[in-house]
>>> print(open('entry.cif').read())   # mmCIF, C-alpha atoms
data_model
#
loop_
_atom_site.group_PDB
_atom_site.id
_atom_site.type_symbol
_atom_site.label_atom_id
_atom_site.label_comp_id
_atom_site.auth_asym_id
_atom_site.auth_seq_id
_atom_site.Cartn_x
_atom_site.Cartn_y
_atom_site.Cartn_z
ATOM 1 C CA GLY A 1 8.210 -1.897 8.949
ATOM 2 C CA GLU A 2 8.421 -2.718 12.614
ATOM 3 C CA ASP A 3 5.567 -0.329 13.505
ATOM 4 C CA VAL A 4 2.978 -2.745 12.141
ATOM 5 C CA GLU A 5 3.325 -6.505 12.406
ATOM 6 C CA GLN A 6 1.400 -9.370 10.839
ATOM 7 C CA SER A 7 1.824 -13.103 10.595
ATOM 8 C CA PRO A 8 3.076 -13.955 7.114
ATOM 9 C CA PHE A 9 0.749 -16.854 6.270
ATOM 10 C CA LEU A 10 -2.761 -18.139 6.960
ATOM 11 C CA SER A 11 -4.450 -21.160 5.411
ATOM 12 C CA VAL A 12 -8.159 -21.966 5.770
ATOM 13 C CA ARG A 13 -10.724 -24.215 4.131
ATOM 14 C CA GLU A 14 -13.403 -22.818 1.884
ATOM 15 C CA GLY A 15 -16.496 -21.928 3.890
ATOM 16 C CA ASP A 16 -14.600 -21.445 7.160
ATOM 17 C CA SER A 17 -13.959 -18.073 8.759
ATOM 18 C CA SER A 18 -10.559 -16.434 8.413
ATOM 19 C CA VAL A 19 -9.074 -14.191 11.060
ATOM 20 C CA ILE A 20 -6.072 -12.097 10.117
ATOM 21 C CA ASN A 21 -4.327 -10.338 12.969
ATOM 22 C CA CYS A 22 -2.223 -7.210 13.174
ATOM 23 C CA THR A 23 -0.436 -5.385 15.969
ATOM 24 C CA TYR A 24 0.846 -1.845 15.912
ATOM 25 C CA THR A 25 3.000 0.165 18.246
ATOM 26 C CA ASP A 26 1.854 3.762 18.083
ATOM 27 C CA SER A 27 -0.925 4.659 20.480
ATOM 28 C CA SER A 28 -1.584 7.852 18.524
ATOM 29 C CA SER A 29 -2.729 5.947 15.467
ATOM 30 C CA THR A 30 -5.833 7.617 14.138
ATOM 31 C CA TYR A 31 -7.005 5.289 11.383
ATOM 32 C CA LEU A 32 -6.369 1.607 10.802
ATOM 33 C CA TYR A 33 -6.830 -0.003 7.419
ATOM 34 C CA TRP A 34 -7.069 -3.330 5.688
ATOM 35 C CA TYR A 35 -5.945 -3.674 2.089
ATOM 36 C CA LYS A 36 -6.157 -6.698 -0.208
ATOM 37 C CA GLN A 37 -3.641 -7.421 -2.949
ATOM 38 C CA GLU A 38 -4.355 -10.029 -5.575
ATOM 39 C CA PRO A 39 -1.565 -11.326 -7.850
ATOM 40 C CA GLY A 40 -0.421 -8.737 -10.359
ATOM 41 C CA ALA A 41 -2.679 -6.041 -8.941
ATOM 42 C CA GLY A 42 -2.393 -3.049 -6.703
ATOM 43 C CA LEU A 43 -3.582 -2.726 -3.132
ATOM 44 C CA GLN A 44 -7.344 -2.525 -2.871
ATOM 45 C CA LEU A 45 -8.792 -0.756 0.151
ATOM 46 C CA LEU A 46 -11.142 -3.199 1.882
ATOM 47 C CA THR A 47 -12.170 -1.297 4.958
ATOM 48 C CA TYR A 48 -10.886 1.039 7.615
ATOM 49 C CA ILE A 49 -11.759 1.965 11.164
ATOM 50 C CA PHE A 50 -11.291 5.053 13.241
ATOM 51 C CA SER A 51 -9.348 4.599 16.446
ATOM 52 C CA ASN A 52 -12.341 5.625 18.548
ATOM 53 C CA MET A 53 -14.319 2.642 17.273
ATOM 54 C CA ASP A 54 -13.928 -0.945 18.388
ATOM 55 C CA MET A 55 -15.805 -2.747 15.650
ATOM 56 C CA LYS A 56 -16.910 -2.279 12.072
ATOM 57 C CA GLN A 57 -18.878 -4.734 9.954
ATOM 58 C CA ASP A 58 -19.266 -4.707 6.210
ATOM 59 C CA GLN A 59 -20.994 -7.739 4.703
ATOM 60 C CA ARG A 60 -18.604 -10.687 5.215
ATOM 61 C CA LEU A 61 -15.908 -8.510 6.770
ATOM 62 C CA THR A 62 -15.655 -7.674 10.464
ATOM 63 C CA VAL A 63 -12.903 -5.471 11.833
ATOM 64 C CA LEU A 64 -12.151 -5.561 15.537
ATOM 65 C CA LEU A 65 -9.914 -3.043 17.253
ATOM 66 C CA ASN A 66 -8.475 -3.476 20.734
ATOM 67 C CA LYS A 67 -6.887 -0.116 21.315
ATOM 68 C CA LYS A 68 -5.521 -1.052 24.723
ATOM 69 C CA ASP A 69 -3.553 -3.956 23.269
ATOM 70 C CA LYS A 70 -2.958 -2.177 19.919
ATOM 71 C CA HIS A 71 -4.420 -5.161 18.146
ATOM 72 C CA LEU A 72 -6.463 -5.121 14.960
ATOM 73 C CA SER A 73 -8.120 -8.098 13.318
ATOM 74 C CA LEU A 74 -9.984 -8.776 10.107
ATOM 75 C CA ARG A 75 -12.504 -11.598 10.081
ATOM 76 C CA ILE A 76 -13.749 -12.899 6.758
ATOM 77 C CA ALA A 77 -16.883 -15.010 7.111
ATOM 78 C CA ASP A 78 -17.596 -17.896 4.714
ATOM 79 C CA THR A 79 -14.177 -17.592 3.102
ATOM 80 C CA GLN A 80 -14.132 -18.239 -0.635
ATOM 81 C CA THR A 81 -11.298 -19.176 -2.993
ATOM 82 C CA GLY A 82 -11.556 -15.663 -4.427
ATOM 83 C CA ASP A 83 -10.485 -14.340 -1.037
ATOM 84 C CA SER A 84 -7.022 -15.829 -1.563
ATOM 85 C CA ALA A 85 -4.680 -12.841 -1.610
ATOM 86 C CA ILE A 86 -2.217 -10.900 0.514
ATOM 87 C CA TYR A 87 -3.854 -8.756 3.183
ATOM 88 C CA PHE A 88 -2.072 -5.675 4.468
ATOM 89 C CA CYS A 89 -2.751 -3.897 7.710
ATOM 90 C CA ALA A 90 -1.852 -0.205 7.817
ATOM 91 C CA GLU A 91 -2.122 2.692 10.218
ATOM 92 C CA SER A 92 -1.934 6.436 9.955
ATOM 93 C CA ARG A 93 -1.800 9.325 12.392
ATOM 94 C CA ALA A 94 -3.325 12.752 12.137
ATOM 95 C CA SER A 95 0.092 14.244 12.874
ATOM 96 C CA ASN A 96 1.757 12.450 9.980
ATOM 97 C CA ASN A 97 0.886 12.574 6.324
ATOM 98 C CA ASP A 98 1.689 9.004 5.463
ATOM 99 C CA MET A 99 0.715 5.457 6.311
ATOM 100 C CA ARG A 100 2.697 2.586 7.751
ATOM 101 C CA PHE A 101 2.061 -0.851 6.310
ATOM 102 C CA GLY A 102 2.630 -4.285 7.707
ATOM 103 C CA ALA A 103 4.468 -6.867 5.637
ATOM 104 C CA GLY A 104 1.213 -8.574 4.685
ATOM 105 C CA THR A 105 -0.477 -11.904 5.433
ATOM 106 C CA ARG A 106 -0.846 -14.341 2.561
ATOM 107 C CA LEU A 107 -4.251 -16.007 2.859
ATOM 108 C CA THR A 108 -4.652 -19.329 1.082
ATOM 109 C CA VAL A 109 -8.136 -20.783 0.794
ATOM 110 C CA LYS A 110 -8.271 -24.514 0.128
ATOM 111 C CA PRO A 111 -11.317 -26.080 -1.533
ATOM 112 C CA ASP B 1 -14.931 6.838 -11.419
ATOM 113 C CA ALA B 2 -11.446 6.356 -12.801
ATOM 114 C CA GLY B 3 -8.964 5.182 -10.247
ATOM 115 C CA VAL B 4 -5.259 5.905 -10.086
ATOM 116 C CA ILE B 5 -3.774 5.234 -13.499
ATOM 117 C CA GLN B 6 -0.186 4.129 -13.926
ATOM 118 C CA SER B 7 1.837 3.538 -17.057
ATOM 119 C CA PRO B 8 3.450 1.491 -18.330
ATOM 120 C CA ARG B 9 2.147 -1.696 -16.655
ATOM 121 C CA HIS B 10 5.365 -3.504 -17.473
ATOM 122 C CA GLU B 11 8.825 -2.229 -18.340
ATOM 123 C CA VAL B 12 11.865 -4.281 -19.229
ATOM 124 C CA THR B 13 15.080 -2.467 -19.972
ATOM 125 C CA GLU B 14 18.816 -2.858 -19.750
ATOM 126 C CA MET B 15 20.835 -1.498 -16.910
ATOM 127 C CA GLY B 16 22.102 2.000 -17.455
ATOM 128 C CA GLN B 17 18.989 3.110 -19.296
ATOM 129 C CA GLU B 18 16.683 5.848 -18.071
ATOM 130 C CA VAL B 19 13.284 4.692 -16.851
ATOM 131 C CA THR B 20 10.239 6.938 -16.444
ATOM 132 C CA LEU B 21 7.143 5.776 -14.630
ATOM 133 C CA ARG B 22 3.936 7.771 -14.864
ATOM 134 C CA CYS B 23 0.957 8.290 -12.623
ATOM 135 C CA LYS B 24 -2.376 10.054 -12.882
ATOM 136 C CA PRO B 25 -4.021 10.431 -9.463
ATOM 137 C CA ILE B 26 -7.738 10.458 -8.795
ATOM 138 C CA SER B 27 -9.174 13.858 -9.590
ATOM 139 C CA GLY B 28 -9.526 15.974 -6.467
ATOM 140 C CA HIS B 29 -6.943 14.070 -4.474
ATOM 141 C CA ASP B 30 -4.324 16.442 -3.082
ATOM 142 C CA TYR B 31 -1.839 13.817 -1.957
ATOM 143 C CA LEU B 32 0.189 11.547 -4.202
ATOM 144 C CA PHE B 33 2.476 8.767 -3.004
ATOM 145 C CA TRP B 34 5.087 6.625 -4.748
ATOM 146 C CA TYR B 35 5.874 3.172 -3.314
ATOM 147 C CA ARG B 36 8.179 0.338 -4.237
ATOM 148 C CA GLN B 37 7.317 -3.289 -3.487
ATOM 149 C CA THR B 38 9.816 -6.139 -3.408
ATOM 150 C CA MET B 39 9.775 -9.589 -1.854
ATOM 151 C CA MET B 40 12.721 -8.750 0.353
ATOM 152 C CA ARG B 41 11.683 -5.328 1.637
ATOM 153 C CA GLY B 42 7.915 -5.333 1.242
ATOM 154 C CA LEU B 43 6.176 -2.034 0.563
ATOM 155 C CA GLU B 44 8.398 1.041 0.918
ATOM 156 C CA LEU B 45 7.283 4.655 0.685
ATOM 157 C CA LEU B 46 9.631 6.536 -1.625
ATOM 158 C CA ILE B 47 8.182 10.039 -1.732
ATOM 159 C CA TYR B 48 4.903 11.875 -1.386
ATOM 160 C CA PHE B 49 3.495 15.162 -2.635
ATOM 161 C CA ASN B 50 0.873 17.517 -1.297
ATOM 162 C CA ASN B 51 -0.622 19.971 -3.772
ATOM 163 C CA ASN B 52 2.154 19.102 -6.241
ATOM 164 C CA VAL B 53 4.914 19.912 -3.739
ATOM 165 C CA PRO B 54 7.269 17.153 -2.547
ATOM 166 C CA ILE B 55 6.861 16.851 1.214
ATOM 167 C CA ASP B 56 8.985 13.882 2.201
ATOM 168 C CA ASP B 57 11.515 12.210 -0.071
ATOM 169 C CA SER B 58 13.462 10.459 2.665
ATOM 170 C CA GLY B 59 12.505 7.083 1.200
ATOM 171 C CA MET B 60 14.118 7.752 -2.159
ATOM 172 C CA PRO B 61 16.978 5.255 -2.224
ATOM 173 C CA GLU B 62 19.618 7.340 -3.972
ATOM 174 C CA ASP B 63 20.245 10.244 -6.272
ATOM 175 C CA ARG B 64 19.484 8.079 -9.262
ATOM 176 C CA PHE B 65 15.814 8.385 -8.307
ATOM 177 C CA SER B 66 13.844 11.564 -8.879
ATOM 178 C CA ALA B 67 10.144 12.409 -8.845
ATOM 179 C CA LYS B 68 8.173 15.349 -10.135
ATOM 180 C CA MET B 69 4.603 16.509 -10.083
ATOM 181 C CA PRO B 70 4.228 19.321 -12.621
ATOM 182 C CA ASN B 71 0.458 19.563 -12.113
ATOM 183 C CA ALA B 72 -2.364 18.090 -10.075
ATOM 184 C CA SER B 73 -3.080 15.325 -12.560
ATOM 185 C CA PHE B 74 0.363 13.964 -13.374
ATOM 186 C CA SER B 75 3.487 12.695 -11.665
ATOM 187 C CA THR B 76 6.618 10.926 -12.823
ATOM 188 C CA LEU B 77 9.200 8.780 -11.096
ATOM 189 C CA LYS B 78 12.484 8.627 -12.961
ATOM 190 C CA ILE B 79 15.461 6.324 -12.487
ATOM 191 C CA GLN B 80 18.679 7.306 -14.223
ATOM 192 C CA PRO B 81 20.780 5.266 -14.629
ATOM 193 C CA SER B 82 18.824 2.142 -13.796
ATOM 194 C CA GLU B 83 20.382 -0.883 -12.087
ATOM 195 C CA PRO B 84 19.213 -4.515 -11.729
ATOM 196 C CA ARG B 85 18.499 -3.963 -8.010
ATOM 197 C CA ASP B 86 15.860 -1.411 -8.990
ATOM 198 C CA SER B 87 13.701 -4.256 -10.294
ATOM 199 C CA ALA B 88 10.432 -4.122 -8.360
ATOM 200 C CA VAL B 89 6.788 -3.198 -8.633
ATOM 201 C CA TYR B 90 6.294 0.546 -8.299
ATOM 202 C CA PHE B 91 2.942 1.798 -7.072
ATOM 203 C CA CYS B 92 1.393 5.201 -7.124
ATOM 204 C CA ALA B 93 -1.383 6.066 -4.680
ATOM 205 C CA SER B 94 -3.463 9.159 -4.010
ATOM 206 C CA SER B 95 -5.673 10.412 -1.213
ATOM 207 C CA THR B 96 -7.722 13.414 -0.148
ATOM 208 C CA GLY B 97 -5.676 13.916 2.997
ATOM 209 C CA GLY B 98 -2.397 12.742 4.443
ATOM 210 C CA SER B 99 -3.974 10.360 6.905
ATOM 211 C CA GLN B 100 -6.960 9.465 4.727
ATOM 212 C CA PRO B 101 -7.258 6.128 2.886
ATOM 213 C CA GLN B 102 -4.925 5.843 -0.044
ATOM 214 C CA HIS B 103 -6.118 4.493 -3.362
ATOM 215 C CA PHE B 104 -3.548 2.547 -5.321
ATOM 216 C CA GLY B 105 -2.906 2.111 -9.007
ATOM 217 C CA ASP B 106 -2.216 -1.305 -10.491
ATOM 218 C CA GLY B 107 1.526 -0.671 -10.441
ATOM 219 C CA THR B 108 4.397 -0.804 -12.898
ATOM 220 C CA ARG B 109 6.386 -4.033 -12.890
ATOM 221 C CA LEU B 110 9.952 -2.963 -13.665
ATOM 222 C CA SER B 111 12.667 -5.393 -14.680
ATOM 223 C CA ILE B 112 16.210 -4.147 -15.188
ATOM 224 C CA LEU B 113 18.409 -6.663 -16.987
#
>>> encode(input="entry.cif", output="structure tokens")
Amino acid sequence: GEDVEQSPFLSVREGDSSVINCTYTDSSSTYLYWYKQEPGAGLQLLTYIFSNMDMKQDQRLTVLLNKKDKHLSLRIADTQTGDSAIYFCAESRASNNDMRFGAGTRLTVKP
Amino acid sequence: DAGVIQSPRHEVTEMGQEVTLRCKPISGHDYLFWYRQTMMRGLELLIYFNNNVPIDDSGMPEDRFSAKMPNASFSTLKIQPSEPRDSAVYFCASSTGGSQPQHFGDGTRLSIL
């Protein structure tokens, strides 16, 4: 809920880069995650980052973490129509056995 | 490797009926989570288990909802009696640790008429 916030919509053109942003409130967050949900499917884990890291790259995906500002972003390079989906940011803490999800950002990729 | 398996994928039933949703977690995962997803409320955690024991059921909306995990490879979420406002997609997820990445099933789309 309010612990993790995301903008609801993002629209980009095919081939451009997409940047999806997320802010969280708890400074004790241990792990931060990005999930992708396509229509009619479950949440697919894309990538995650430990709180002691500030960047992680995996092929077209780059995760940036600004721990001071409690800001997480997911950059998708060369965005394709198949990247159209809802992207969820989530965080977890070592002291808690669950995760807190944002409301999701719906990414639309236009040809 | 098999992921989290949920059944049925779709369920349509009349209000007042009992509904049972099923989940098989990934083998070796000690944590199992049940979520509900709706347009209005987004993704809500209902309950989670650790080693088959319910740890936190504070998200269960009311007494009509119950969940069990009789063994490490099976869990059920039951709604009795069901109501139209229970219509949602219900997801099961599992993980190796409470704060570790959760792996989701494809969900059960439940429609209560």
>>> atom_distance(input="entry.cif", atom1="atom CA of Ser95 of chain A", atom2="atom CA of Gln100 of chain B")
11.8 Å
>>> resolve_selection(input="entry.cif", expression="the PyMOL selection byres ((chain A) within 8 of (chain B))", output="number ranges by chain")
A: 30-31, 33, 40-45, 48, 92-94, 96-99, 101, 103
>>> write_last_selection(input="entry.cif", atoms="C-alpha atoms", output="PDB file, keeping the file's coordinate frame")
ATOM      1  CA  THR A  30      -5.833   7.617  14.138  1.00  0.00           C
ATOM      2  CA  TYR A  31      -7.005   5.289  11.383  1.00  0.00           C
ATOM      3  CA  TYR A  33      -6.830  -0.003   7.419  1.00  0.00           C
ATOM      4  CA  GLY A  40      -0.421  -8.737 -10.359  1.00  0.00           C
ATOM      5  CA  ALA A  41      -2.679  -6.041  -8.941  1.00  0.00           C
ATOM      6  CA  GLY A  42      -2.393  -3.049  -6.703  1.00  0.00           C
ATOM      7  CA  LEU A  43      -3.582  -2.726  -3.132  1.00  0.00           C
ATOM      8  CA  GLN A  44      -7.344  -2.525  -2.871  1.00  0.00           C
ATOM      9  CA  LEU A  45      -8.792  -0.756   0.151  1.00  0.00           C
ATOM     10  CA  TYR A  48     -10.886   1.039   7.615  1.00  0.00           C
ATOM     11  CA  SER A  92      -1.934   6.436   9.955  1.00  0.00           C
ATOM     12  CA  ARG A  93      -1.800   9.325  12.392  1.00  0.00           C
ATOM     13  CA  ALA A  94      -3.325  12.752  12.137  1.00  0.00           C
ATOM     14  CA  ASN A  96       1.757  12.450   9.980  1.00  0.00           C
ATOM     15  CA  ASN A  97       0.886  12.574   6.324  1.00  0.00           C
ATOM     16  CA  ASP A  98       1.689   9.004   5.463  1.00  0.00           C
ATOM     17  CA  MET A  99       0.715   5.457   6.311  1.00  0.00           C
ATOM     18  CA  PHE A 101       2.061  -0.851   6.310  1.00  0.00           C
ATOM     19  CA  ALA A 103       4.468  -6.867   5.637  1.00  0.00           C
TER      20      ALA A 103
END
>>> residues_around(input="entry.cif", residues="segment 70-77 of chain A", least_positions_apart="2", cutoff="7 Å", atoms="all atoms listed in the file", output="list in words")
Asp16, Ser17, Ser18, Val19, Ile20, Asn21, Cys22, Thr23, Tyr24, Thr25, Arg60, Leu61, Thr62, Val63, Leu64, Leu65, Asn66, Lys67, Lys68 and Thr79 of chain A
>>> write_last_selection(input="entry.cif", atoms="C-alpha atoms", output="short mmCIF file (atom, residue, chain, number, x, y, z; two decimals), in the frame of the given file")
data_model
loop_
_atom_site.label_atom_id
_atom_site.label_comp_id
_atom_site.auth_asym_id
_atom_site.auth_seq_id
_atom_site.Cartn_x
_atom_site.Cartn_y
_atom_site.Cartn_z
CA ASP A 16 -14.60 -21.44 7.16
CA SER A 17 -13.96 -18.07 8.76
CA SER A 18 -10.56 -16.43 8.41
CA VAL A 19 -9.07 -14.19 11.06
CA ILE A 20 -6.07 -12.10 10.12
CA ASN A 21 -4.33 -10.34 12.97
CA CYS A 22 -2.22 -7.21 13.17
CA THR A 23 -0.44 -5.38 15.97
CA TYR A 24 0.85 -1.84 15.91
CA THR A 25 3.00 0.16 18.25
CA ARG A 60 -18.60 -10.69 5.22
CA LEU A 61 -15.91 -8.51 6.77
CA THR A 62 -15.66 -7.67 10.46
CA VAL A 63 -12.90 -5.47 11.83
CA LEU A 64 -12.15 -5.56 15.54
CA LEU A 65 -9.91 -3.04 17.25
CA ASN A 66 -8.48 -3.48 20.73
CA LYS A 67 -6.89 -0.12 21.32
CA LYS A 68 -5.52 -1.05 24.72
CA THR A 79 -14.18 -17.59 3.10
#
>>> resolve_selection(input="entry.cif", expression="the PyMOL selection byres ((chain B and resi 17-24) around 7)", output="MDAnalysis selection string")
chainID B and resid 4:8 13:16 25:26 73:82 92
>>> resolve_selection(input="entry.cif", expression="the PyMOL selection byres ((chain B and resi 51) around 9)", output="PyMOL selection string")
chain B and resi 29-32+49-50+52-54+69+71-72
>>> axis_aligned_box(input="entry.cif", around="segment 27-37 of chain B", padding_each_side="5 Å", output="JSON")
{"center_x": -0.7, "center_y": 6.6, "center_z": -5.8, "size_x": 27.7, "size_y": 29.7, "size_z": 17.6}
>>> decode(input="entry.cif", residues="segment 24-35 of chain A", atoms="all heavy atoms", output="PDB file, in the first residue's frame")
ATOM      1  N   TYR A  24       9.935   4.181  -1.769  1.00  0.00           N
ATOM      2  CA  TYR A  24       9.526   3.404  -0.612  1.00  0.00           C
ATOM      3  C   TYR A  24       9.848   4.191   0.644  1.00  0.00           C
ATOM      4  O   TYR A  24      10.618   5.159   0.599  1.00  0.00           O
ATOM      5  CB  TYR A  24      10.202   2.021  -0.616  1.00  0.00           C
ATOM      6  CG  TYR A  24      11.706   2.061  -0.611  1.00  0.00           C
ATOM      7  CD1 TYR A  24      12.425   1.904   0.570  1.00  0.00           C
ATOM      8  CD2 TYR A  24      12.426   2.265  -1.794  1.00  0.00           C
ATOM      9  CE1 TYR A  24      13.807   1.940   0.580  1.00  0.00           C
ATOM     10  CE2 TYR A  24      13.801   2.314  -1.782  1.00  0.00           C
ATOM     11  CZ  TYR A  24      14.490   2.152  -0.604  1.00  0.00           C
ATOM     12  OH  TYR A  24      15.862   2.198  -0.593  1.00  0.00           O
ATOM     13  N   THR A  25       9.257   3.771   1.745  1.00  0.00           N
ATOM     14  CA  THR A  25       9.376   4.607   2.945  1.00  0.00           C
ATOM     15  C   THR A  25      10.290   4.021   4.016  1.00  0.00           C
ATOM     16  O   THR A  25      10.800   4.759   4.852  1.00  0.00           O
ATOM     17  CB  THR A  25       7.984   4.839   3.568  1.00  0.00           C
ATOM     18  OG1 THR A  25       7.389   3.575   3.848  1.00  0.00           O
ATOM     19  CG2 THR A  25       7.094   5.618   2.620  1.00  0.00           C
ATOM     20  N   ASP A  26      10.502   2.707   3.972  1.00  0.00           N
ATOM     21  CA  ASP A  26      11.199   2.096   5.102  1.00  0.00           C
ATOM     22  C   ASP A  26      12.700   2.011   4.843  1.00  0.00           C
ATOM     23  O   ASP A  26      13.137   1.316   3.926  1.00  0.00           O
ATOM     24  CB  ASP A  26      10.631   0.704   5.353  1.00  0.00           C
ATOM     25  CG  ASP A  26      11.040   0.161   6.711  1.00  0.00           C
ATOM     26  OD1 ASP A  26      12.179   0.446   7.166  1.00  0.00           O
ATOM     27  OD2 ASP A  26      10.238  -0.556   7.312  1.00  0.00           O
ATOM     28  N   SER A  27      13.463   2.682   5.650  1.00  0.00           N
ATOM     29  CA  SER A  27      14.913   2.695   5.452  1.00  0.00           C
ATOM     30  C   SER A  27      15.557   1.354   5.796  1.00  0.00           C
ATOM     31  O   SER A  27      16.717   1.123   5.476  1.00  0.00           O
ATOM     32  CB  SER A  27      15.560   3.799   6.286  1.00  0.00           C
ATOM     33  OG  SER A  27      15.221   3.637   7.649  1.00  0.00           O
ATOM     34  N   SER A  28      14.795   0.469   6.450  1.00  0.00           N
ATOM     35  CA  SER A  28      15.359  -0.838   6.786  1.00  0.00           C
ATOM     36  C   SER A  28      15.088  -1.885   5.724  1.00  0.00           C
ATOM     37  O   SER A  28      15.338  -3.074   5.931  1.00  0.00           O
ATOM     38  CB  SER A  28      14.813  -1.319   8.136  1.00  0.00           C
ATOM     39  OG  SER A  28      13.416  -1.498   8.057  1.00  0.00           O
ATOM     40  N   SER A  29      14.576  -1.453   4.590  1.00  0.00           N
ATOM     41  CA  SER A  29      14.344  -2.394   3.495  1.00  0.00           C
ATOM     42  C   SER A  29      15.646  -3.104   3.148  1.00  0.00           C
ATOM     43  O   SER A  29      16.688  -2.473   2.993  1.00  0.00           O
ATOM     44  CB  SER A  29      13.803  -1.667   2.264  1.00  0.00           C
ATOM     45  OG  SER A  29      12.538  -1.118   2.523  1.00  0.00           O
ATOM     46  N   THR A  30      15.540  -4.402   2.988  1.00  0.00           N
ATOM     47  CA  THR A  30      16.736  -5.202   2.737  1.00  0.00           C
ATOM     48  C   THR A  30      16.886  -5.545   1.264  1.00  0.00           C
ATOM     49  O   THR A  30      17.988  -5.529   0.723  1.00  0.00           O
ATOM     50  CB  THR A  30      16.655  -6.494   3.558  1.00  0.00           C
ATOM     51  OG1 THR A  30      16.404  -6.163   4.910  1.00  0.00           O
ATOM     52  CG2 THR A  30      17.943  -7.283   3.453  1.00  0.00           C
ATOM     53  N   TYR A  31      15.787  -5.918   0.640  1.00  0.00           N
ATOM     54  CA  TYR A  31      15.778  -6.287  -0.769  1.00  0.00           C
ATOM     55  C   TYR A  31      14.709  -5.475  -1.489  1.00  0.00           C
ATOM     56  O   TYR A  31      13.655  -5.195  -0.916  1.00  0.00           O
ATOM     57  CB  TYR A  31      15.426  -7.774  -0.947  1.00  0.00           C
ATOM     58  CG  TYR A  31      16.346  -8.737  -0.250  1.00  0.00           C
ATOM     59  CD1 TYR A  31      16.092  -9.163   1.044  1.00  0.00           C
ATOM     60  CD2 TYR A  31      17.462  -9.252  -0.898  1.00  0.00           C
ATOM     61  CE1 TYR A  31      16.929 -10.053   1.683  1.00  0.00           C
ATOM     62  CE2 TYR A  31      18.299 -10.146  -0.268  1.00  0.00           C
ATOM     63  CZ  TYR A  31      18.023 -10.543   1.020  1.00  0.00           C
ATOM     64  OH  TYR A  31      18.845 -11.431   1.646  1.00  0.00           O
ATOM     65  N   LEU A  32      14.994  -5.136  -2.721  1.00  0.00           N
ATOM     66  CA  LEU A  32      14.002  -4.435  -3.545  1.00  0.00           C
ATOM     67  C   LEU A  32      13.869  -5.185  -4.855  1.00  0.00           C
ATOM     68  O   LEU A  32      14.868  -5.628  -5.430  1.00  0.00           O
ATOM     69  CB  LEU A  32      14.427  -2.989  -3.768  1.00  0.00           C
ATOM     70  CG  LEU A  32      14.435  -2.229  -2.426  1.00  0.00           C
ATOM     71  CD1 LEU A  32      15.791  -1.671  -2.121  1.00  0.00           C
ATOM     72  CD2 LEU A  32      13.364  -1.175  -2.400  1.00  0.00           C
ATOM     73  N   TYR A  33      12.639  -5.331  -5.316  1.00  0.00           N
ATOM     74  CA  TYR A  33      12.335  -6.234  -6.415  1.00  0.00           C
ATOM     75  C   TYR A  33      11.555  -5.521  -7.520  1.00  0.00           C
ATOM     76  O   TYR A  33      10.814  -4.573  -7.266  1.00  0.00           O
ATOM     77  CB  TYR A  33      11.445  -7.393  -5.925  1.00  0.00           C
ATOM     78  CG  TYR A  33      11.937  -8.114  -4.705  1.00  0.00           C
ATOM     79  CD1 TYR A  33      11.673  -7.632  -3.423  1.00  0.00           C
ATOM     80  CD2 TYR A  33      12.657  -9.298  -4.821  1.00  0.00           C
ATOM     81  CE1 TYR A  33      12.114  -8.298  -2.304  1.00  0.00           C
ATOM     82  CE2 TYR A  33      13.097  -9.985  -3.694  1.00  0.00           C
ATOM     83  CZ  TYR A  33      12.816  -9.478  -2.449  1.00  0.00           C
ATOM     84  OH  TYR A  33      13.256 -10.151  -1.336  1.00  0.00           O
ATOM     85  N   TRP A  34      11.698  -6.069  -8.711  1.00  0.00           N
ATOM     86  CA  TRP A  34      10.828  -5.704  -9.817  1.00  0.00           C
ATOM     87  C   TRP A  34      10.185  -6.962 -10.376  1.00  0.00           C
ATOM     88  O   TRP A  34      10.867  -7.935 -10.699  1.00  0.00           O
ATOM     89  CB  TRP A  34      11.594  -4.993 -10.941  1.00  0.00           C
ATOM     90  CG  TRP A  34      11.938  -3.569 -10.609  1.00  0.00           C
ATOM     91  CD1 TRP A  34      13.159  -3.079 -10.265  1.00  0.00           C
ATOM     92  CD2 TRP A  34      11.040  -2.453 -10.601  1.00  0.00           C
ATOM     93  NE1 TRP A  34      13.075  -1.734 -10.020  1.00  0.00           N
ATOM     94  CE2 TRP A  34      11.799  -1.310 -10.222  1.00  0.00           C
ATOM     95  CE3 TRP A  34       9.681  -2.292 -10.866  1.00  0.00           C
ATOM     96  CZ2 TRP A  34      11.230  -0.044 -10.118  1.00  0.00           C
ATOM     97  CZ3 TRP A  34       9.120  -1.037 -10.761  1.00  0.00           C
ATOM     98  CH2 TRP A  34       9.896   0.074 -10.397  1.00  0.00           C
ATOM     99  N   TYR A  35       8.846  -6.905 -10.463  1.00  0.00           N
ATOM    100  CA  TYR A  35       8.064  -7.986 -11.036  1.00  0.00           C
ATOM    101  C   TYR A  35       7.342  -7.469 -12.276  1.00  0.00           C
ATOM    102  O   TYR A  35       6.983  -6.298 -12.359  1.00  0.00           O
ATOM    103  CB  TYR A  35       7.013  -8.505 -10.052  1.00  0.00           C
ATOM    104  CG  TYR A  35       7.531  -9.377  -8.947  1.00  0.00           C
ATOM    105  CD1 TYR A  35       8.070  -8.831  -7.786  1.00  0.00           C
ATOM    106  CD2 TYR A  35       7.467 -10.770  -9.045  1.00  0.00           C
ATOM    107  CE1 TYR A  35       8.536  -9.639  -6.764  1.00  0.00           C
ATOM    108  CE2 TYR A  35       7.924 -11.592  -8.028  1.00  0.00           C
ATOM    109  CZ  TYR A  35       8.456 -11.016  -6.890  1.00  0.00           C
ATOM    110  OH  TYR A  35       8.914 -11.819  -5.888  1.00  0.00           O
TER     111      TYR A  35
END
